[in-house]
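Participant: Before I ask anything, let me first share the structure, which is written out below as structure tokens.
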Amino acid sequence: MELPISMKKAIVFTCCSLLVIVLMVQLSSCTKRDQTNPPGVGFVAQPGYVYVDTTLYRHSIATIWVYANKLGIVDLLDSGTIQRSISGGPDTLLQTMTFNSTTFNQAYSYQLGDSGNSYKYIFTFFNQNRVSGSDSVTITTN
């Protein structure tokens with residue numbers, strides 16, 4: 001026995017309505033996947049490495065172990081810079097880096113100068129959306 005046309009139309013309309021409702025609920029409950037977060041940046045706290053503001057002897061070598069990691073779904077690390085400011089002067093760009101990774105870690109060593117100076121090292125990392133995260137450490141010489 002075949003269903004009347006009005007019954008077929010009612011079934012099709014009900015199915016289409018349910019499909020539209022399910023799609024609307026699904027789309028409205030999704031989190032936005034293109035949101036971006038700044039990279040996490042910090043220093044490894046190990047003996048022999050500078051990881052907090054400190055004072056060292058003049059002309060000594062300071063080694064800083066920096067790490068960065070992605071903090072979001074679509075936030076691969078893309079690039080980074082290292083800058084230095086001496087005794088409050090202007091920032092000088094020491095290095096630029098380009099890479100594509102979920103994490104980055106590297107140790108850098110710098111020769112310090114005469115006593116009475118302060119050296120601020122600023123490590124900045126960018127994700128693929130050009131959102132940045134940074135951290136810095138200041139070393140004073142005596």
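We name chains A, B, ... following the order of the structure tokens; residues begin at 1 in each chain, and ligands are numbered from 1 as shown.
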Run DSSP on the backbone of this structure and report the residues of chain A it assigns to strand (DSSP E), as JSON, numbers by chain.
Facilitator: {"A": [40, 41, 42, 43, 54, 55, 56, 61, 62, 63, 64, 65, 66, 67, 68, 69, 77, 78, 79, 80, 81, 82, 83, 84, 85, 86, 92, 93, 94, 95, 96, 97, 98, 99, 100, 101, 103, 104, 105, 106, 107, 108, 109, 110, 111, 118, 119, 120, 121, 122, 123, 124, 125, 126, 127, 132, 133, 134, 135, 136, 137, 138, 139, 140, 141]}
Participant: Go ahead and save the residues from that selection, with C-alpha atoms, as a tab-separated table (two decimals), in the first residue's frame.
Facilitator:
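Output (out-v5.tsv):
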```tsv
chain	number	residue	atom	x	y	z
A	40	GLY	CA	54.38	30.14	26.17
A	41	VAL	CA	57.93	31.38	26.77
A	42	GLY	CA	60.22	30.75	29.75
A	43	PHE	CA	63.63	29.74	30.99
A	54	THR	CA	70.74	37.99	38.79
A	55	THR	CA	74.18	39.51	39.33
A	56	LEU	CA	77.34	37.94	37.89
A	61	ILE	CA	79.74	34.22	30.48
A	62	ALA	CA	76.00	34.00	31.05
A	63	THR	CA	74.15	31.01	29.61
A	64	ILE	CA	70.38	31.25	29.19
A	65	TRP	CA	68.30	28.20	28.24
A	66	VAL	CA	65.06	29.41	26.72
A	67	TYR	CA	62.01	27.37	25.72
A	68	ALA	CA	58.78	28.18	23.92
A	69	ASN	CA	55.73	26.08	23.17
A	77	LEU	CA	55.54	28.37	16.54
A	78	ASP	CA	56.69	30.25	13.47
A	79	SER	CA	59.59	32.52	14.39
A	80	GLY	CA	61.48	34.24	17.17
A	81	THR	CA	63.83	37.08	18.04
A	82	ILE	CA	66.46	37.75	20.68
A	83	GLN	CA	67.09	41.34	21.73
A	84	ARG	CA	69.45	42.90	24.26
A	85	SER	CA	69.33	46.19	26.09
A	86	ILE	CA	72.47	47.39	27.92
A	92	THR	CA	69.46	45.72	19.90
A	93	LEU	CA	68.36	42.81	17.74
A	94	LEU	CA	70.83	39.94	18.27
A	95	GLN	CA	69.15	37.17	16.32
A	96	THR	CA	66.06	36.30	14.27
A	97	MET	CA	64.88	32.73	13.80
A	98	THR	CA	62.37	31.11	11.46
A	99	PHE	CA	61.02	27.63	12.07
A	100	ASN	CA	57.77	25.67	12.24
A	101	SER	CA	57.36	23.60	15.38
A	103	THR	CA	58.18	23.55	20.76
A	104	PHE	CA	61.52	25.31	20.78
A	105	ASN	CA	64.40	25.11	23.26
A	106	GLN	CA	67.95	26.31	22.96
A	107	ALA	CA	70.77	27.52	25.20
A	108	TYR	CA	72.50	30.81	24.40
A	109	SER	CA	75.77	32.06	25.95
A	110	TYR	CA	76.77	35.71	26.12
A	111	GLN	CA	80.00	37.38	27.26
A	118	SER	CA	72.94	45.58	33.29
A	119	TYR	CA	72.10	43.35	30.34
A	120	LYS	CA	68.46	42.63	29.59
A	121	TYR	CA	67.88	39.74	27.18
A	122	ILE	CA	64.40	39.60	25.63
A	123	PHE	CA	63.22	36.41	23.92
A	124	THR	CA	60.09	36.83	21.77
A	125	PHE	CA	58.34	34.06	19.84
A	126	PHE	CA	55.53	34.30	17.30
A	127	ASN	CA	52.96	31.76	16.21
A	132	SER	CA	53.68	36.88	20.23
A	133	GLY	CA	54.77	35.77	23.67
A	134	SER	CA	57.99	36.86	25.36
A	135	ASP	CA	60.06	36.66	28.50
A	136	SER	CA	63.20	38.43	29.62
A	137	VAL	CA	66.02	38.15	32.11
A	138	THR	CA	68.32	40.91	33.37
A	139	ILE	CA	71.93	40.27	34.38
A	140	THR	CA	73.86	42.91	36.29
A	141	THR	CA	77.67	42.80	36.43
```
Participant: Would you mind telling me which residue in A:Thr102, A:Val52, A:Gly89, A:Glu2 lies nearest to Gln128 of chain A when using only C-alpha atoms?
Facilitator: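 Nearest candidate to Gln128 of chain A out of A:Thr102, A:Val52, A:Gly89, A:Glu2: A:Thr102.
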Participant: In Å, rounded to a single decimal, give me how far atom CA of Tyr57 of chain A is from atom CA of Asn142 of chain A.
Facilitator: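 Atom CA of Tyr57 of chain A lies at a distance of 5.2 Å from atom CA of Asn142 of chain A.
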